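Undergrad: Just one file: structure21.csv, with CSV, N, CA, C and O atoms.
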```
chain,number,residue,atom,x,y,z
A,1,MET,N,127.6,-70.0,261.1
A,1,MET,CA,128.5,-69.1,260.4
A,1,MET,C,128.4,-67.7,261.0
A,1,MET,O,127.3,-67.2,261.2
A,2,LYS,N,129.6,-67.1,261.3
A,2,LYS,CA,129.6,-65.7,261.9
A,2,LYS,C,129.3,-64.7,260.9
A,2,LYS,O,129.8,-64.7,259.7
A,3,ARG,N,128.4,-63.8,261.2
A,3,ARG,CA,127.9,-62.8,260.3
A,3,ARG,C,128.9,-61.6,260.4
A,3,ARG,O,129.3,-61.2,261.5
A,4,LYS,N,129.3,-61.1,259.2
A,4,LYS,CA,130.3,-60.0,259.2
A,4,LYS,C,129.6,-58.6,259.4
A,4,LYS,O,128.4,-58.5,259.0
A,5,LYS,N,130.3,-57.8,260.1
A,5,LYS,CA,129.7,-56.4,260.3
A,5,LYS,C,130.0,-55.6,259.0
A,5,LYS,O,130.9,-55.9,258.2
A,6,LYS,N,129.1,-54.6,258.8
A,6,LYS,CA,129.2,-53.8,257.6
A,6,LYS,C,130.6,-53.2,257.5
A,6,LYS,O,131.2,-53.2,256.4
A,7,THR,N,131.2,-52.7,258.5
A,7,THR,CA,132.6,-52.1,258.4
A,7,THR,C,133.6,-53.1,258.0
A,7,THR,O,134.5,-52.8,257.3
A,8,ASP,N,133.5,-54.4,258.5
A,8,ASP,CA,134.4,-55.4,258.1
A,8,ASP,C,134.3,-55.7,256.6
A,8,ASP,O,135.3,-55.9,255.9
A,9,ILE,N,133.1,-55.7,256.0
A,9,ILE,CA,132.9,-55.9,254.6
A,9,ILE,C,133.6,-54.8,253.8
A,9,ILE,O,134.3,-55.1,252.8
A,10,VAL,N,133.3,-53.6,254.1
A,10,VAL,CA,133.9,-52.4,253.4
A,10,VAL,C,135.4,-52.4,253.4
A,10,VAL,O,136.1,-52.3,252.4
A,11,GLU,N,136.0,-52.6,254.6
A,11,GLU,CA,137.4,-52.6,254.7
A,11,GLU,C,138.0,-53.8,254.0
A,11,GLU,O,139.0,-53.6,253.3
A,12,ALA,N,137.5,-55.0,254.0
A,12,ALA,CA,138.0,-56.1,253.3
A,12,ALA,C,137.9,-55.9,251.8
A,12,ALA,O,138.8,-56.2,251.1
A,13,TRP,N,136.8,-55.4,251.4
A,13,TRP,CA,136.6,-55.2,250.0
A,13,TRP,C,137.5,-54.2,249.4
A,13,TRP,O,138.1,-54.4,248.4
A,14,SER,N,137.7,-53.0,250.1
A,14,SER,CA,138.5,-52.0,249.6
A,14,SER,C,140.0,-52.3,249.4
A,14,SER,O,140.7,-51.8,248.6
A,15,HIS,N,140.5,-53.3,250.2
A,15,HIS,CA,141.9,-53.7,250.2
A,15,HIS,C,142.1,-54.7,249.1
A,15,HIS,O,143.3,-55.1,248.9
A,16,LYS,N,141.1,-55.2,248.4
A,16,LYS,CA,141.3,-56.2,247.4
A,16,LYS,C,141.6,-55.5,246.0
A,16,LYS,O,141.9,-56.2,245.1
A,17,HIS,N,141.5,-54.2,245.9
A,17,HIS,CA,141.6,-53.5,244.7
A,17,HIS,C,142.8,-52.5,244.7
A,17,HIS,O,143.2,-52.1,245.7
A,18,ASP,N,143.2,-52.1,243.5
A,18,ASP,CA,144.3,-51.1,243.3
A,18,ASP,C,143.8,-49.7,243.2
A,18,ASP,O,144.5,-48.9,242.6
A,19,TYR,N,142.6,-49.4,243.7
A,19,TYR,CA,142.2,-48.0,243.6
A,19,TYR,C,141.5,-47.6,244.9
A,19,TYR,O,141.0,-48.5,245.6
A,20,PRO,N,141.5,-46.3,245.2
A,20,PRO,CA,140.9,-45.9,246.5
A,20,PRO,C,139.4,-46.1,246.5
A,20,PRO,O,138.7,-46.1,245.5
A,21,ILE,N,138.9,-46.4,247.7
A,21,ILE,CA,137.5,-46.6,247.9
A,21,ILE,C,136.7,-45.4,247.5
A,21,ILE,O,135.6,-45.6,247.1
A,22,GLU,N,137.3,-44.2,247.6
A,22,GLU,CA,136.5,-43.0,247.1
A,22,GLU,C,136.2,-43.1,245.7
A,22,GLU,O,135.1,-42.6,245.2
A,23,GLU,N,137.0,-43.7,244.9
A,23,GLU,CA,136.7,-43.9,243.4
A,23,GLU,C,135.6,-44.9,243.2
A,23,GLU,O,134.8,-44.8,242.3
A,24,VAL,N,135.4,-45.8,244.1
A,24,VAL,CA,134.3,-46.7,244.1
A,24,VAL,C,133.0,-46.0,244.4
A,24,VAL,O,132.0,-46.2,243.8
A,25,TRP,N,133.1,-45.2,245.4
A,25,TRP,CA,131.9,-44.4,245.8
A,25,TRP,C,131.5,-43.4,244.8
A,25,TRP,O,130.3,-43.1,244.7
A,26,ASN,N,132.4,-43.0,243.9
A,26,ASN,CA,132.1,-42.0,242.9
A,26,ASN,C,132.4,-42.6,241.5
A,26,ASN,O,132.9,-41.9,240.6
A,27,THR,N,132.0,-43.8,241.3
A,27,THR,CA,132.3,-44.5,240.0
A,27,THR,C,131.8,-43.8,238.8
A,27,THR,O,132.4,-43.7,237.8
A,28,ASP,N,130.6,-43.2,238.9
A,28,ASP,CA,130.0,-42.4,237.8
A,28,ASP,C,131.0,-41.3,237.4
A,28,ASP,O,131.3,-41.1,236.2
A,29,ASN,N,131.5,-40.6,238.4
A,29,ASN,CA,132.3,-39.4,238.1
A,29,ASN,C,133.7,-39.9,237.6
A,29,ASN,O,134.2,-39.3,236.6
A,30,ILE,N,134.2,-41.0,238.1
A,30,ILE,CA,135.5,-41.5,237.6
A,30,ILE,C,135.4,-42.0,236.2
A,30,ILE,O,136.2,-41.7,235.3
A,31,ILE,N,134.3,-42.7,235.9
A,31,ILE,CA,134.1,-43.1,234.5
A,31,ILE,C,134.0,-41.9,233.5
A,31,ILE,O,134.6,-41.9,232.5
A,32,ALA,N,133.3,-40.9,234.0
A,32,ALA,CA,133.1,-39.7,233.1
A,32,ALA,C,134.5,-39.0,232.9
A,32,ALA,O,134.8,-38.6,231.8
A,33,ARG,N,135.3,-39.0,233.9
A,33,ARG,CA,136.7,-38.4,233.8
A,33,ARG,C,137.6,-39.2,232.8
A,33,ARG,O,138.4,-38.7,232.2
A,34,LEU,N,137.3,-40.5,232.7
A,34,LEU,CA,138.0,-41.4,231.8
A,34,LEU,C,137.5,-41.2,230.4
A,34,LEU,O,138.3,-41.2,229.4
A,35,ILE,N,136.2,-41.1,230.2
A,35,ILE,CA,135.5,-41.2,228.9
A,35,ILE,C,135.7,-39.9,228.2
A,35,ILE,O,136.0,-39.9,227.0
A,36,VAL,N,135.6,-38.7,228.8
A,36,VAL,CA,135.6,-37.4,228.1
A,36,VAL,C,136.9,-37.3,227.3
A,36,VAL,O,136.8,-37.0,226.1
A,37,PRO,N,138.1,-37.4,227.8
A,37,PRO,CA,139.3,-37.2,227.0
A,37,PRO,C,139.4,-38.2,225.8
A,37,PRO,O,139.9,-37.9,224.8
A,38,ARG,N,138.9,-39.4,226.1
A,38,ARG,CA,138.9,-40.5,225.0
A,38,ARG,C,137.9,-40.2,223.9
A,38,ARG,O,138.2,-40.4,222.8
A,39,LEU,N,136.8,-39.7,224.3
A,39,LEU,CA,135.8,-39.3,223.3
A,39,LEU,C,136.3,-38.1,222.4
A,39,LEU,O,136.1,-38.1,221.2
A,40,LYS,N,137.0,-37.2,223.1
A,40,LYS,CA,137.6,-36.0,222.4
A,40,LYS,C,138.7,-36.5,221.4
A,40,LYS,O,138.7,-36.0,220.3
A,41,ALA,N,139.5,-37.4,221.9
A,41,ALA,CA,140.5,-37.9,221.0
A,41,ALA,C,139.9,-38.7,219.9
A,41,ALA,O,140.4,-38.6,218.7
A,42,PHE,N,138.9,-39.5,220.1
A,42,PHE,CA,138.2,-40.3,219.1
A,42,PHE,C,137.6,-39.3,218.0
A,42,PHE,O,137.8,-39.5,216.8
A,43,LYS,N,137.0,-38.2,218.5
A,43,LYS,CA,136.4,-37.3,217.6
A,43,LYS,C,137.5,-36.7,216.7
A,43,LYS,O,137.3,-36.5,215.5
A,44,ALA,N,138.7,-36.4,217.3
A,44,ALA,CA,139.8,-35.7,216.5
A,44,ALA,C,140.5,-36.7,215.5
A,44,ALA,O,141.1,-36.3,214.6
A,45,LEU,N,140.3,-38.0,215.8
A,45,LEU,CA,140.9,-39.0,214.9
A,45,LEU,C,140.4,-38.9,213.5
A,45,LEU,O,139.2,-38.6,213.2
A,46,ASP,N,141.3,-39.2,212.6
A,46,ASP,CA,140.9,-39.2,211.1
A,46,ASP,C,140.2,-40.5,210.9
A,46,ASP,O,140.9,-41.5,210.5
A,47,LYS,N,138.9,-40.5,211.1
A,47,LYS,CA,138.2,-41.8,211.0
A,47,LYS,C,137.8,-42.2,209.6
A,47,LYS,O,137.8,-41.3,208.7
A,48,HIS,N,137.6,-43.5,209.4
A,48,HIS,CA,137.3,-44.0,208.1
A,48,HIS,C,135.8,-44.2,207.8
A,48,HIS,O,135.4,-44.7,206.7
A,49,GLY,N,135.0,-43.9,208.7
A,49,GLY,CA,133.6,-44.1,208.5
A,49,GLY,C,132.8,-43.6,209.7
A,49,GLY,O,133.3,-43.1,210.7
A,50,HIS,N,131.5,-43.8,209.6
A,50,HIS,CA,130.5,-43.4,210.7
A,50,HIS,C,129.4,-44.4,210.7
A,50,HIS,O,129.2,-45.2,209.7
A,51,PRO,N,128.6,-44.5,211.7
A,51,PRO,CA,127.4,-45.4,211.7
A,51,PRO,C,126.5,-45.2,210.5
A,51,PRO,O,126.3,-44.0,210.0
A,52,GLY,N,126.0,-46.2,210.0
A,52,GLY,CA,125.2,-46.2,208.7
A,52,GLY,C,123.9,-45.3,208.8
A,52,GLY,O,123.4,-44.8,207.8
A,53,ASP,N,123.4,-45.2,210.0
A,53,ASP,CA,122.2,-44.4,210.2
A,53,ASP,C,122.5,-42.9,210.4
A,53,ASP,O,121.5,-42.1,210.6
A,54,ILE,N,123.7,-42.5,210.3
A,54,ILE,CA,124.1,-41.1,210.4
A,54,ILE,C,124.6,-40.7,209.1
A,54,ILE,O,125.4,-41.3,208.4
A,55,ALA,N,124.1,-39.5,208.6
A,55,ALA,CA,124.3,-39.1,207.2
A,55,ALA,C,125.7,-38.7,206.8
A,55,ALA,O,126.1,-38.9,205.7
A,56,SER,N,126.5,-38.2,207.8
A,56,SER,CA,127.8,-37.7,207.4
A,56,SER,C,128.7,-37.7,208.5
A,56,SER,O,128.3,-37.9,209.7
A,57,MET,N,130.0,-37.5,208.3
A,57,MET,CA,131.0,-37.4,209.3
A,57,MET,C,130.7,-36.2,210.2
A,57,MET,O,130.9,-36.3,211.4
A,58,GLU,N,130.3,-35.1,209.6
A,58,GLU,CA,129.9,-33.9,210.4
A,58,GLU,C,128.8,-34.2,211.4
A,58,GLU,O,128.9,-33.8,212.6
A,59,ALA,N,127.8,-34.9,210.9
A,59,ALA,CA,126.7,-35.3,211.8
A,59,ALA,C,127.2,-36.3,212.9
A,59,ALA,O,126.8,-36.2,214.1
A,60,TRP,N,128.1,-37.2,212.6
A,60,TRP,CA,128.7,-38.1,213.5
A,60,TRP,C,129.5,-37.3,214.6
A,60,TRP,O,129.3,-37.6,215.8
A,61,HIS,N,130.2,-36.3,214.2
A,61,HIS,CA,130.9,-35.4,215.2
A,61,HIS,C,130.0,-34.7,216.1
A,61,HIS,O,130.2,-34.6,217.3
A,62,LYS,N,128.8,-34.3,215.6
A,62,LYS,CA,127.8,-33.6,216.4
A,62,LYS,C,127.3,-34.6,217.5
A,62,LYS,O,127.0,-34.2,218.6
A,63,VAL,N,127.1,-35.9,217.1
A,63,VAL,CA,126.6,-36.9,218.0
A,63,VAL,C,127.7,-37.1,219.1
A,63,VAL,O,127.3,-37.2,220.3
A,64,ILE,N,128.9,-37.2,218.7
A,64,ILE,CA,130.0,-37.4,219.7
A,64,ILE,C,130.1,-36.2,220.6
A,64,ILE,O,130.3,-36.4,221.8
A,65,ASP,N,129.9,-35.0,220.1
A,65,ASP,CA,129.9,-33.8,220.9
A,65,ASP,C,128.8,-33.9,222.0
A,65,ASP,O,129.0,-33.5,223.2
A,66,LYS,N,127.6,-34.4,221.6
A,66,LYS,CA,126.5,-34.5,222.6
A,66,LYS,C,126.9,-35.5,223.7
A,66,LYS,O,126.5,-35.4,224.9
A,67,MET,N,127.6,-36.6,223.3
A,67,MET,CA,128.1,-37.6,224.3
A,67,MET,C,129.0,-36.9,225.3
A,67,MET,O,128.9,-37.1,226.5
A,68,ILE,N,130.0,-36.2,224.7
A,68,ILE,CA,131.0,-35.5,225.5
A,68,ILE,C,130.3,-34.6,226.5
A,68,ILE,O,130.7,-34.6,227.7
A,69,TYR,N,129.4,-33.8,226.0
A,69,TYR,CA,128.7,-32.8,226.9
A,69,TYR,C,128.0,-33.5,228.0
A,69,TYR,O,128.0,-33.1,229.2
A,70,ALA,N,127.4,-34.6,227.7
A,70,ALA,CA,126.6,-35.4,228.8
A,70,ALA,C,127.6,-35.8,229.9
A,70,ALA,O,127.3,-35.7,231.1
A,71,PHE,N,128.7,-36.4,229.5
A,71,PHE,CA,129.7,-36.8,230.5
A,71,PHE,C,130.3,-35.6,231.2
A,71,PHE,O,130.6,-35.7,232.4
A,72,GLU,N,130.5,-34.5,230.6
A,72,GLU,CA,131.0,-33.3,231.2
A,72,GLU,C,130.0,-32.8,232.3
A,72,GLU,O,130.4,-32.4,233.4
A,73,LEU,N,128.7,-32.9,231.9
A,73,LEU,CA,127.7,-32.5,232.9
A,73,LEU,C,127.8,-33.4,234.1
A,73,LEU,O,127.6,-33.0,235.2
A,74,ASN,N,128.0,-34.7,233.9
A,74,ASN,CA,128.1,-35.7,234.9
A,74,ASN,C,129.3,-35.4,235.8
A,74,ASN,O,129.2,-35.6,237.0
A,75,MET,N,130.4,-35.0,235.3
A,75,MET,CA,131.6,-34.7,236.1
A,75,MET,C,131.4,-33.5,237.0
A,75,MET,O,132.0,-33.4,238.0
A,76,HIS,N,130.6,-32.6,236.6
A,76,HIS,CA,130.3,-31.4,237.4
A,76,HIS,C,128.9,-31.5,238.1
A,76,HIS,O,128.1,-30.6,238.0
A,77,ALA,N,128.8,-32.7,238.7
A,77,ALA,CA,127.5,-33.0,239.3
A,77,ALA,C,127.0,-31.9,240.2
A,77,ALA,O,127.7,-31.2,240.9
A,78,GLY,N,125.8,-31.7,240.2
A,78,GLY,CA,125.1,-30.7,241.0
A,78,GLY,C,123.7,-30.6,240.4
A,78,GLY,O,123.3,-31.5,239.6
A,79,ALA,N,123.0,-29.6,240.8
A,79,ALA,CA,121.6,-29.4,240.2
A,79,ALA,C,121.7,-29.0,238.8
A,79,ALA,O,122.4,-28.0,238.4
A,80,LEU,N,121.1,-29.7,237.9
A,80,LEU,CA,121.1,-29.4,236.5
A,80,LEU,C,119.8,-28.7,236.2
A,80,LEU,O,118.7,-29.0,236.7
A,81,SER,N,119.9,-27.7,235.2
A,81,SER,CA,118.7,-27.0,234.8
A,81,SER,C,117.9,-28.0,233.9
A,81,SER,O,118.4,-29.1,233.6
A,82,GLN,N,116.7,-27.6,233.6
A,82,GLN,CA,115.9,-28.5,232.8
A,82,GLN,C,116.5,-28.8,231.4
A,82,GLN,O,116.5,-29.9,230.9
A,83,GLU,N,117.1,-27.7,230.8
A,83,GLU,CA,117.8,-27.9,229.5
A,83,GLU,C,119.0,-28.8,229.7
A,83,GLU,O,119.2,-29.7,228.8
A,84,GLU,N,119.8,-28.6,230.7
A,84,GLU,CA,121.0,-29.5,230.9
A,84,GLU,C,120.6,-30.9,231.2
A,84,GLU,O,121.2,-31.8,230.6
A,85,ARG,N,119.5,-31.1,231.9
A,85,ARG,CA,119.0,-32.5,232.1
A,85,ARG,C,118.6,-33.1,230.8
A,85,ARG,O,118.9,-34.3,230.6
A,86,LYS,N,117.9,-32.4,230.0
A,86,LYS,CA,117.5,-32.9,228.6
A,86,LYS,C,118.8,-33.3,227.8
A,86,LYS,O,118.9,-34.4,227.2
A,87,ASP,N,119.8,-32.4,227.8
A,87,ASP,CA,121.0,-32.7,227.1
A,87,ASP,C,121.8,-33.9,227.7
A,87,ASP,O,122.3,-34.7,227.0
A,88,PHE,N,121.8,-34.0,229.0
A,88,PHE,CA,122.4,-35.1,229.7
A,88,PHE,C,121.8,-36.4,229.3
A,88,PHE,O,122.5,-37.3,228.9
A,89,GLU,N,120.5,-36.5,229.3
A,89,GLU,CA,119.8,-37.7,229.0
A,89,GLU,C,120.0,-38.0,227.5
A,89,GLU,O,120.2,-39.2,227.1
A,90,GLU,N,119.9,-37.0,226.6
A,90,GLU,CA,120.1,-37.3,225.2
A,90,GLU,C,121.5,-37.8,224.9
A,90,GLU,O,121.7,-38.8,224.2
A,91,GLY,N,122.5,-37.2,225.5
A,91,GLY,CA,123.9,-37.6,225.3
A,91,GLY,C,124.1,-39.1,225.8
A,91,GLY,O,124.8,-39.8,225.1
A,92,PHE,N,123.6,-39.4,226.9
A,92,PHE,CA,123.7,-40.8,227.4
A,92,PHE,C,123.0,-41.8,226.6
A,92,PHE,O,123.4,-42.9,226.4
A,93,GLU,N,121.8,-41.4,226.1
A,93,GLU,CA,121.1,-42.3,225.1
A,93,GLU,C,121.9,-42.5,223.9
A,93,GLU,O,122.0,-43.6,223.4
A,94,LEU,N,122.5,-41.5,223.4
A,94,LEU,CA,123.4,-41.6,222.2
A,94,LEU,C,124.6,-42.5,222.5
A,94,LEU,O,125.0,-43.3,221.6
A,95,PHE,N,125.2,-42.3,223.6
A,95,PHE,CA,126.3,-43.1,224.0
A,95,PHE,C,125.9,-44.6,224.1
A,95,PHE,O,126.6,-45.5,223.5
A,96,TYR,N,124.8,-44.9,224.7
A,96,TYR,CA,124.3,-46.2,224.7
A,96,TYR,C,124.0,-46.8,223.3
A,96,TYR,O,124.5,-47.9,223.0
A,97,LYS,N,123.4,-46.0,222.5
A,97,LYS,CA,123.1,-46.4,221.1
A,97,LYS,C,124.3,-46.7,220.2
A,97,LYS,O,124.3,-47.6,219.5
A,98,TYR,N,125.3,-45.8,220.4
A,98,TYR,CA,126.5,-45.9,219.5
A,98,TYR,C,127.8,-46.4,220.1
A,98,TYR,O,128.8,-46.3,219.6
A,99,TYR,N,127.6,-46.9,221.3
A,99,TYR,CA,128.8,-47.4,222.1
A,99,TYR,C,129.6,-48.4,221.2
A,99,TYR,O,130.9,-48.3,221.2
A,100,LEU,N,129.0,-49.3,220.5
A,100,LEU,CA,129.8,-50.3,219.7
A,100,LEU,C,130.3,-49.7,218.4
A,100,LEU,O,131.1,-50.3,217.7
A,101,TYR,N,130.1,-48.4,218.1
A,101,TYR,CA,130.6,-47.7,217.0
A,101,TYR,C,131.8,-46.8,217.3
A,101,TYR,O,132.4,-46.1,216.5
A,102,LEU,N,132.2,-46.9,218.6
A,102,LEU,CA,133.3,-46.0,219.0
A,102,LEU,C,134.7,-46.7,218.8
A,102,LEU,O,135.4,-47.0,219.7
A,103,TRP,N,134.9,-47.0,217.6
A,103,TRP,CA,136.2,-47.6,217.1
A,103,TRP,C,136.4,-47.2,215.7
A,103,TRP,O,135.5,-46.8,215.0
A,104,ASP,N,137.6,-47.3,215.2
A,104,ASP,CA,137.9,-47.0,213.8
A,104,ASP,C,138.9,-48.0,213.3
A,104,ASP,O,139.8,-48.4,213.8
```
Starting from the file, lay out its structure as structure tokens.
TA:
Amino acid sequence: MKRKKKTDIVEAWSHKHDYPIEEVWNTDNIIARLIVPRLKAFKALDKHGHPGDIASMEAWHKVIDKMIYAFELNMHAGALSQEERKDFEEGFELFYKYYLYLWD
């Protein structure tokens, strides 16, 4: 069996999809750009509830704000300060924890 060269694999793979290869290389940034406006719209939605371990809708909105901020930090990738790094990690942990609650 003939072994493919690395350039053959990248070229063949990138032509199988409907998005530019640059978006594949920056998948984290692309996902952040998709998530932020949707989280903002979700927060603005007149929701009918919040996760049971969160005390109020106001507290739920604060959790969503932390998620939004984490993804915004990710979109503007660069060196993060220690405080930004802490906020980034907290926001992503909250996103992971409450991902299945992002519906109404």
Undergrad: Under the rule that all atoms listed in the file are counted, which of A:Asp18, A:Met67, A:Asp104, A:His76 is the nearest residue to A:Glu90?
TA: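 Going through A:Asp18, A:Met67, A:Asp104, A:His76 one by one, the smallest distance to A:Glu90 is for A:Met67.
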Undergrad: Which distance in Å separates atom N of A:Lys43 and atom C of A:Tyr98, to one decimal?
TA: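 Computed distance, atom N of A:Lys43 to atom C of A:Tyr98, equals 12.4 Å.
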Undergrad: Name the residues of stretch 38-87 of chain A that come out as helix (DSSP H, G or I) in a backbone DSSP run; write them as a PyMOL selection string.
TA: chain A and resi 38-44+57-75+82-87
Undergrad: Between A:Gly91, A:His48, A:Glu22, A:Ile68, which residue has the minimum interatomic distance to A:Ile35, considering only C-alpha atoms?
TA: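 Closest candidate: A:Ile68.
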Undergrad: In Å, with one decimal, what is the gap from atom N of A:Glu83 to atom O of A:Tyr99?
TA: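 One can read the atom N of A:Glu83 to atom O of A:Tyr99 distance as 26.6 Å.
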Undergrad: Rounded to one decimal place, report the atom O of A:Lys47-atom CA of A:Ile31 distance in Å.
TA: 26.1 Å
Undergrad: For A:Ile64, which residue out of A:Leu39, A:Val24, A:Leu100, A:Leu80 is the nearest one, using only N, CA, C and O atoms?
TA: A:Leu39
Undergrad: Pick out the closest residue to A:Leu94 from this set: A:Thr27, A:Lys66, A:Phe71, A:Ser81. Count only C-alpha atoms.
TA: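 Ranked by minimum distance to A:Leu94, first place goes to A:Lys66.
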Undergrad: For A:Ala41, which of A:Met75, A:Ala59, A:Leu102, A:Ile21 is the closest residue, counting only C-alpha atoms?
TA: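 Of A:Met75, A:Ala59, A:Leu102, A:Ile21, the one nearest A:Ala41, counting only C-alpha atoms, is A:Leu102.
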